[in-house]
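Asks: Once you've had a glance at the structure underneath, I'll fire off some questions.
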Amino acid sequence: MLKFLIIGQGLAGTLVGHRLEQAGHEVHYVDAPEQTASSAIAAGIVNPITGRRFVKSWKIDDLIPEAKTLYANLEQQLGHKIWYASPLVRTLYNRGDRNDWQARSADPGYADYMEDEPNPGQIPAITAPVFAYAGVRHAARVDVAGLVGSVRKKLVQEDRLLSGAMEYEDIPEVLGAAAGAGGRLKKKGYYNHVVCCEGWRARYNPYFSYLPHGGNKGEVLIIKTKAPLLDRMFKHRVFLVPLANGTYWVGATSENRFTDDSPTPTNRQFLEDRLAEILTGTEYEIIGHHAAVRPTVKDRRMFIGQHPEVPGLWIFNGLGTKGASLAPLGSRWLTEAILEGKDIPAEVDIQRF
Ligand SMILES: Cc1cc2nc3c(=O)[nH]c(=O)nc-3n(C[C@H](O)[C@H](O)[C@H](O)COP(=O)(O)OP(=O)(O)OC[C@H]3O[C@@H](n4cnc5c(N)ncnc54)[C@H](O)[C@@H]3O)c2cc1C
């Protein structure tokens, strides 16, 4: 049995830890709860067709089956639902959009994901008329916050979570590479491996600050309606995603330049304006406004791999805007590299830098 310390218990750390535990290893975490985690506010949308040009998400054919299997395994262990298969209906704004959509759906490998005339459910009744709707098949919502929250509860009960920010100068010591006192971690020299999963704050980790970290700030609203509004996800400039108990996730904004990770009045107004465009004639109450930073990477691929000079020190990061779908396969690549010595796919291996 190997002993692991994971720094950061967002989605990345949670899934890596789960896989390591399933393989029979001991896993401890250090996590700074006062920081806002991207995983705490993400809608968890799995959207196979994205962008203005309606492009298939990278490796989506492999990511979806991997995600379904891993989240089903976690659902069984934790006793609650995590993966919600949900139709996604989106607006086509004009004739050009419709032509592009139809042309794209004729491309090989696309037809199964694209629906020209989807059932829009209650959407036409709650929103202003639109040019046309299109449907994305095999979409889903992952309850990322619910998953991370219930794993955290379990870790606290089992006394495997140290609450607080990792002090990076302790790394050689916890890995057993250096002797001496100091640091706050109880188990000095105890761990065989340390896995860094700090989300966008990995830029402050001196061991991995050399990687080209991005960072994209996003803000969301949570609204509540008296009567049920929607039973499927809807995209009309922003996403409207049904959560539980008559609440809906509305978002998100996207900013590559930011000075902090707090919600702002300007972005709240932006989201309120988009919402007013979507929900014409429906009463709703805004019950939440949150912000966090997505851990983006300049080349839009995950960071997976071992530190070039510190054996046993690994990173799993760069989940960007798509952690819900990327993290299940990414966490498999990382754990197979650590436990079985398998090669990490070159596209995501940090050796590319
Ligand atoms: C507004 C918004 C909407 C989003 N919507 C979606 C979506 O619909 N679908 C989707 O797939 N993805 C979405 N995402 C992206 C998704 O949230 C991320 O891809 C994913 O959750 C990142 O997980 P992570 O574990 O890498 O980072 P995080 O969730 O940020 O977790 C990192 C953890 O590390 C901890 N940490 C950092 N530094 C230290 C330290 N020094 N010591 C100890 N702990 C530390 C933090 O406290 C945190 O708990 C969205 C993100 C945002 C902001």
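In the structure tokens, each chain is lettered A, B, ... as it comes, each chain's residues begin at 1, and ligands are numbered from 1 in order of appearance.
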At a cut-off of 6 Å and counting only C-alpha atoms and all ligand atoms, what residues surround ligand 1? Please answer as a VMD selection string.
Replies: chain A and resid 7 to 13 30 to 33 35 37 to 39 41 to 46 164 to 166 197 to 199 201 217 to 220 252 292 to 294 317 319 to 325
Asks: Could you give me, as number ranges by chain, each residue of segment 105-290 of chain A that DSSP assigns to strand (DSSP E or B) when run on this structure's backbone?
Replies: A: 114-115, 132-136, 140-142, 161-163, 193-196, 213, 216-224, 233-236, 238-242, 247-251, 255, 285-290
Asks: One decimal, in Å: what's the spacing between atom CA of Pro87 of chain A and atom CA of Val144 of chain A?
Replies: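 Atom CA of Pro87 of chain A sits 18.2 Å away from atom CA of Val144 of chain A.
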Asks: Could you give me, as a short mmCIF file (atom, residue, chain, number, x, y, z; two decimals) with all heavy atoms, in the first residue's frame, the residues within 10 Å of Tyr207 of chain A, counting only C-alpha atoms and dropping anything in the same chain fewer than 2 positions from it?
Replies:
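Just written: result_21.cif:
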```cif
data_model
loop_
_atom_site.label_atom_id
_atom_site.label_comp_id
_atom_site.auth_asym_id
_atom_site.auth_seq_id
_atom_site.Cartn_x
_atom_site.Cartn_y
_atom_site.Cartn_z
N TYR A 168 4.47 25.12 0.83
CA TYR A 168 5.20 24.33 -0.16
C TYR A 168 6.60 23.95 0.28
O TYR A 168 7.16 22.96 -0.19
CB TYR A 168 5.21 25.07 -1.49
CG TYR A 168 3.82 25.14 -2.10
CD1 TYR A 168 3.07 26.31 -2.10
CD2 TYR A 168 3.26 23.99 -2.66
CE1 TYR A 168 1.80 26.34 -2.63
CE2 TYR A 168 1.98 24.02 -3.19
CZ TYR A 168 1.25 25.19 -3.18
OH TYR A 168 -0.02 25.21 -3.71
N GLU A 169 7.15 24.72 1.23
CA GLU A 169 8.50 24.35 1.69
C GLU A 169 8.48 23.02 2.45
O GLU A 169 9.51 22.40 2.67
CB GLU A 169 9.14 25.48 2.53
CG GLU A 169 8.44 25.82 3.81
CD GLU A 169 7.37 26.89 3.64
OE1 GLU A 169 6.87 27.07 2.50
OE2 GLU A 169 7.02 27.54 4.63
N ILE A 171 7.17 20.31 1.27
CA ILE A 171 7.07 19.17 0.33
C ILE A 171 8.24 18.19 0.43
O ILE A 171 8.02 16.98 0.56
CB ILE A 171 6.80 19.67 -1.11
CG1 ILE A 171 5.31 20.02 -1.20
CG2 ILE A 171 7.17 18.60 -2.16
CD1 ILE A 171 4.82 20.44 -2.55
N CYS A 196 -0.49 17.41 -6.70
CA CYS A 196 -0.92 18.81 -6.60
C CYS A 196 -2.15 19.05 -7.46
O CYS A 196 -2.11 18.86 -8.69
CB CYS A 196 0.22 19.73 -7.05
SG CYS A 196 1.69 19.53 -6.04
N ALA A 202 -2.55 26.91 -8.60
CA ALA A 202 -1.30 26.18 -8.84
C ALA A 202 -0.21 27.14 -9.33
O ALA A 202 0.98 26.82 -9.23
CB ALA A 202 -1.52 25.08 -9.86
N ARG A 203 -0.59 28.30 -9.82
CA ARG A 203 0.43 29.28 -10.25
C ARG A 203 1.29 29.72 -9.06
O ARG A 203 2.39 30.22 -9.25
CB ARG A 203 -0.22 30.49 -10.92
CG ARG A 203 -1.11 31.28 -9.98
CD ARG A 203 -1.64 32.57 -10.60
NE ARG A 203 -2.64 32.31 -11.62
CZ ARG A 203 -3.26 33.26 -12.30
NH1 ARG A 203 -2.97 34.53 -12.07
NH2 ARG A 203 -4.17 32.97 -13.19
N TYR A 204 0.78 29.56 -7.82
CA TYR A 204 1.55 29.95 -6.63
C TYR A 204 2.35 28.79 -6.06
O TYR A 204 3.00 28.94 -5.03
CB TYR A 204 0.61 30.50 -5.55
CG TYR A 204 -0.26 31.64 -6.05
CD1 TYR A 204 -1.65 31.57 -6.00
CD2 TYR A 204 0.33 32.79 -6.58
CE1 TYR A 204 -2.44 32.60 -6.48
CE2 TYR A 204 -0.46 33.83 -7.06
CZ TYR A 204 -1.83 33.73 -7.00
OH TYR A 204 -2.61 34.75 -7.47
N ASN A 205 2.27 27.63 -6.70
CA ASN A 205 3.04 26.46 -6.25
C ASN A 205 4.43 26.56 -6.91
O ASN A 205 4.56 26.44 -8.12
CB ASN A 205 2.32 25.19 -6.71
CG ASN A 205 3.08 23.91 -6.38
OD1 ASN A 205 4.29 23.95 -6.18
ND2 ASN A 205 2.37 22.81 -6.34
N SER A 209 5.08 26.43 -10.93
CA SER A 209 4.75 27.77 -11.42
C SER A 209 5.34 28.00 -12.82
O SER A 209 4.95 28.94 -13.51
CB SER A 209 5.25 28.84 -10.44
OG SER A 209 6.61 28.64 -10.21
N TYR A 210 6.27 27.12 -13.26
CA TYR A 210 6.88 27.29 -14.59
C TYR A 210 5.91 26.91 -15.71
O TYR A 210 6.12 27.24 -16.88
CB TYR A 210 8.16 26.44 -14.70
CG TYR A 210 7.93 24.95 -14.83
CD1 TYR A 210 7.83 24.34 -16.09
CD2 TYR A 210 7.77 24.15 -13.70
CE1 TYR A 210 7.62 22.98 -16.21
CE2 TYR A 210 7.55 22.78 -13.82
CZ TYR A 210 7.47 22.20 -15.08
OH TYR A 210 7.24 20.86 -15.21
N LEU A 211 4.82 26.22 -15.37
CA LEU A 211 3.85 25.82 -16.41
C LEU A 211 3.03 27.04 -16.85
O LEU A 211 2.82 27.96 -16.05
CB LEU A 211 2.93 24.72 -15.87
CG LEU A 211 3.63 23.39 -15.56
CD1 LEU A 211 2.68 22.43 -14.83
CD2 LEU A 211 4.15 22.74 -16.83
N HIS A 307 6.87 15.94 -11.58
CA HIS A 307 7.83 17.04 -11.62
C HIS A 307 9.15 16.54 -12.22
O HIS A 307 9.61 15.44 -11.88
CB HIS A 307 8.06 17.58 -10.20
CG HIS A 307 8.81 18.85 -10.20
ND1 HIS A 307 10.20 18.88 -10.26
CD2 HIS A 307 8.40 20.13 -10.19
CE1 HIS A 307 10.60 20.15 -10.27
NE2 HIS A 307 9.53 20.93 -10.24
N PRO A 308 9.76 17.32 -13.12
CA PRO A 308 10.97 16.83 -13.80
C PRO A 308 12.14 16.56 -12.86
O PRO A 308 13.03 15.79 -13.20
CB PRO A 308 11.30 17.95 -14.80
CG PRO A 308 10.48 19.13 -14.40
CD PRO A 308 9.30 18.62 -13.63
N GLU A 309 12.14 17.21 -11.68
CA GLU A 309 13.30 17.01 -10.79
C GLU A 309 12.97 16.44 -9.42
O GLU A 309 13.87 16.14 -8.64
CB GLU A 309 14.02 18.36 -10.59
CG GLU A 309 14.81 18.78 -11.80
CD GLU A 309 15.09 20.27 -11.83
OE1 GLU A 309 14.96 20.92 -10.77
OE2 GLU A 309 15.40 20.77 -12.92
N VAL A 310 11.69 16.30 -9.10
CA VAL A 310 11.32 15.80 -7.77
C VAL A 310 10.49 14.52 -7.94
O VAL A 310 9.28 14.59 -8.15
CB VAL A 310 10.51 16.86 -6.96
CG1 VAL A 310 10.25 16.36 -5.54
CG2 VAL A 310 11.22 18.20 -6.95
N LEU A 313 6.48 13.75 -6.94
CA LEU A 313 5.66 14.96 -6.90
C LEU A 313 4.94 15.11 -8.25
O LEU A 313 5.60 15.22 -9.29
CB LEU A 313 6.54 16.19 -6.64
CG LEU A 313 5.81 17.52 -6.55
CD1 LEU A 313 4.82 17.54 -5.38
CD2 LEU A 313 6.80 18.67 -6.39
N TRP A 314 3.61 15.07 -8.20
CA TRP A 314 2.81 15.02 -9.43
C TRP A 314 1.86 16.21 -9.50
O TRP A 314 1.54 16.81 -8.49
CB TRP A 314 1.98 13.74 -9.44
CG TRP A 314 2.79 12.49 -9.38
CD1 TRP A 314 3.34 11.92 -8.25
CD2 TRP A 314 3.17 11.64 -10.48
NE1 TRP A 314 4.03 10.79 -8.59
CE2 TRP A 314 3.94 10.58 -9.94
CE3 TRP A 314 2.93 11.67 -11.85
CZ2 TRP A 314 4.47 9.56 -10.74
CZ3 TRP A 314 3.46 10.65 -12.64
CH2 TRP A 314 4.23 9.61 -12.09
N ILE A 315 1.35 16.45 -10.70
CA ILE A 315 0.31 17.48 -10.86
C ILE A 315 -0.86 16.92 -11.67
O ILE A 315 -0.65 16.13 -12.62
CB ILE A 315 0.87 18.76 -11.53
CG1 ILE A 315 -0.20 19.87 -11.55
CG2 ILE A 315 1.39 18.50 -12.94
CD1 ILE A 315 0.34 21.27 -11.88
#
```
Asks: Run DSSP on the backbone of this structure and report the residues of segment 121-317 of chain A it assigns to alpha helix (DSSP H), as number ranges by chain.
Replies: A: 123-126, 144-157, 171-174, 265-278
Asks: Limited to C-alpha atoms, could you put the picked residues into a file as a PDB file, in the first residue's frame?
Replies:
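Ended up saving to part_19.pdb:
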```pdb
ATOM      1  CA  ILE A 123     -38.896  26.578 -23.236  1.00  0.00           C
ATOM      2  CA  PRO A 124     -41.146  28.344 -25.815  1.00  0.00           C
ATOM      3  CA  ALA A 125     -43.675  29.090 -23.068  1.00  0.00           C
ATOM      4  CA  ILE A 126     -41.191  30.856 -20.820  1.00  0.00           C
ATOM      5  CA  VAL A 144     -19.719  18.614  -8.932  1.00  0.00           C
ATOM      6  CA  ALA A 145     -20.330  20.580  -5.714  1.00  0.00           C
ATOM      7  CA  GLY A 146     -22.457  17.764  -4.261  1.00  0.00           C
ATOM      8  CA  LEU A 147     -19.755  15.206  -5.055  1.00  0.00           C
ATOM      9  CA  VAL A 148     -16.896  17.270  -3.626  1.00  0.00           C
ATOM     10  CA  GLY A 149     -19.000  18.180  -0.559  1.00  0.00           C
ATOM     11  CA  SER A 150     -19.956  14.630   0.366  1.00  0.00           C
ATOM     12  CA  VAL A 151     -16.422  13.322  -0.132  1.00  0.00           C
ATOM     13  CA  ARG A 152     -15.199  16.163   2.105  1.00  0.00           C
ATOM     14  CA  LYS A 153     -17.646  15.138   4.836  1.00  0.00           C
ATOM     15  CA  LYS A 154     -16.346  11.569   4.663  1.00  0.00           C
ATOM     16  CA  LEU A 155     -12.704  12.726   4.781  1.00  0.00           C
ATOM     17  CA  VAL A 156     -13.389  14.840   7.868  1.00  0.00           C
ATOM     18  CA  GLN A 157     -15.119  11.899   9.603  1.00  0.00           C
ATOM     19  CA  ILE A 171       7.068  19.171   0.327  1.00  0.00           C
ATOM     20  CA  PRO A 172      10.588  17.668   0.511  1.00  0.00           C
ATOM     21  CA  GLU A 173       9.913  16.811   4.137  1.00  0.00           C
ATOM     22  CA  VAL A 174       6.534  15.107   3.670  1.00  0.00           C
ATOM     23  CA  PRO A 265     -21.911  44.319  -9.465  1.00  0.00           C
ATOM     24  CA  THR A 266     -21.069  44.713 -13.193  1.00  0.00           C
ATOM     25  CA  ASN A 267     -21.167  41.005 -13.890  1.00  0.00           C
ATOM     26  CA  ARG A 268     -24.274  40.569 -11.792  1.00  0.00           C
ATOM     27  CA  GLN A 269     -25.965  43.186 -13.953  1.00  0.00           C
ATOM     28  CA  PHE A 270     -24.753  41.437 -17.110  1.00  0.00           C
ATOM     29  CA  LEU A 271     -26.270  38.140 -15.950  1.00  0.00           C
ATOM     30  CA  GLU A 272     -29.495  39.804 -14.805  1.00  0.00           C
ATOM     31  CA  ASP A 273     -29.861  41.395 -18.252  1.00  0.00           C
ATOM     32  CA  ARG A 274     -29.300  38.043 -20.035  1.00  0.00           C
ATOM     33  CA  LEU A 275     -31.788  36.411 -17.704  1.00  0.00           C
ATOM     34  CA  ALA A 276     -34.402  39.061 -18.395  1.00  0.00           C
ATOM     35  CA  GLU A 277     -34.005  38.263 -22.113  1.00  0.00           C
ATOM     36  CA  ILE A 278     -34.600  34.571 -21.492  1.00  0.00           C
TER      37      ILE A 278
END
```
Asks: Would you write out, as a Markdown table, a table of all residues in segment 273-317 of chain A that have an atom no more than 9 Å from an atom of segment 223-231 of chain A, listing for each the closest atom pair and the distance in Å to one decimal, considering only C-alpha atoms and ordering rows by chain and rising residue number?
Replies:
```
| residue | atom | partner | partner_atom | distance |
| --- | --- | --- | --- | --- |
| A:Thr282 | CA | A:Thr225 | CA | 8.1 |
| A:Glu283 | CA | A:Thr225 | CA | 6.4 |
| A:Tyr284 | CA | A:Thr225 | CA | 4.6 |
| A:Glu285 | CA | A:Lys224 | CA | 5.2 |
| A:Ile286 | CA | A:Ile223 | CA | 4.3 |
| A:Ile287 | CA | A:Ile223 | CA | 5.4 |
| A:Gly288 | CA | A:Ile223 | CA | 6.8 |
```
Asks: Since we have the selection now, will you write its residues out, keeping N, CA and C atoms, as a compact mmCIF listing (two decimals), in the first residue's frame?
Replies:
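Result file follows (part01.txt):
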```
# COMPACT_ATOMS: atom_id res chain seq x y z
N THR A 282 -41.81 35.53 -16.56
CA THR A 282 -41.76 34.54 -15.47
C THR A 282 -41.16 35.20 -14.24
N GLU A 283 -41.81 34.97 -13.10
CA GLU A 283 -41.27 35.58 -11.88
C GLU A 283 -40.18 34.71 -11.29
N TYR A 284 -39.10 35.36 -10.86
CA TYR A 284 -38.03 34.61 -10.21
C TYR A 284 -37.35 35.51 -9.19
N GLU A 285 -36.66 34.82 -8.27
CA GLU A 285 -35.94 35.55 -7.23
C GLU A 285 -34.46 35.15 -7.35
N ILE A 286 -33.58 36.12 -7.28
CA ILE A 286 -32.15 35.78 -7.30
C ILE A 286 -31.72 35.44 -5.88
N ILE A 287 -31.28 34.20 -5.68
CA ILE A 287 -30.92 33.79 -4.31
C ILE A 287 -29.41 33.58 -4.13
N GLY A 288 -28.66 33.71 -5.22
CA GLY A 288 -27.21 33.55 -5.07
C GLY A 288 -26.46 34.22 -6.20
```
Asks: Measuring between only C-alpha atoms, which one of A:Arg98, A:Arg137, A:Arg352, A:His80 shows the shortest distance to Asp112 of chain A?
Replies: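 Between A:Arg98, A:Arg137, A:Arg352, A:His80, the residue approaching Asp112 of chain A most closely is A:Arg137.
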Asks: Using only C-alpha atoms, which residue out of A:Thr50, A:Gln22, A:Ser331, A:Ser86 lies closest to Val241 of chain A?
Replies: A:Ser86
Asks: Counting only C-alpha atoms, figure out which residue out of A:Pro120, A:Gly96, A:Pro311, A:Pro345 gets nearest to Arg52 of chain A.
Replies: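 Comparing A:Pro120, A:Gly96, A:Pro311, A:Pro345 against Arg52 of chain A, the winner is A:Gly96.
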Asks: Could you tell me which of A:Asp143, A:Glu66, A:Glu347, A:Glu158 comes closest to Glu26 of chain A if we count only C-alpha atoms?
Replies: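 Residue with the minimum atom-to-atom distance to Glu26 of chain A: A:Glu158.
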Asks: Figure out the distance between atom CA of Asp116 of chain A and atom CA of Leu326 of chain A, please, to one decimal in Å.
Replies: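 We find that atom CA of Leu326 of chain A and atom CA of Asp116 of chain A lie 26.6 Å from each other.
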Asks: Need the shell around Tyr110 of chain A: protein/DNA/RNA residues with any atom at most 10 Å away, counting only C-alpha atoms. Skip same-chain ones fewer than 3 positions apart. Format as a PyMOL selection string?
Replies: chain A and resi 48-49+54-56+104-107+113-115
Asks: When you count only C-alpha atoms, which of these residues is closest to Trp58 of chain A: A:Arg301, A:Lys342, A:Arg160, A:His28?
Replies: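 With only C-alpha atoms as the atom set, the closest residue is A:Arg301.
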Asks: Which is closer to Asp62 of chain A than all the others in A:Thr36, A:Leu20, A:Phe4, A:Pro328, using only C-alpha atoms?
Replies: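 When distances to Asp62 of chain A are compared using only C-alpha atoms, the smallest one comes from A:Pro328.
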Asks: Residues within 9 Å of Leu70 of chain A, please, as a list in words. Count only C-alpha atoms; anything in the same chain fewer than 6 positions from it doesn't count.
Replies: Leu15, Arg19, Pro328 and Leu329 of chain A
Asks: Do you know which residues are at most 12 Å from Glu340 of chain A counting only C-alpha atoms, after dropping those on the same chain fewer than 6 positions away, and could you put them as number ranges by chain?
Replies: A: 20, 23, 332-334
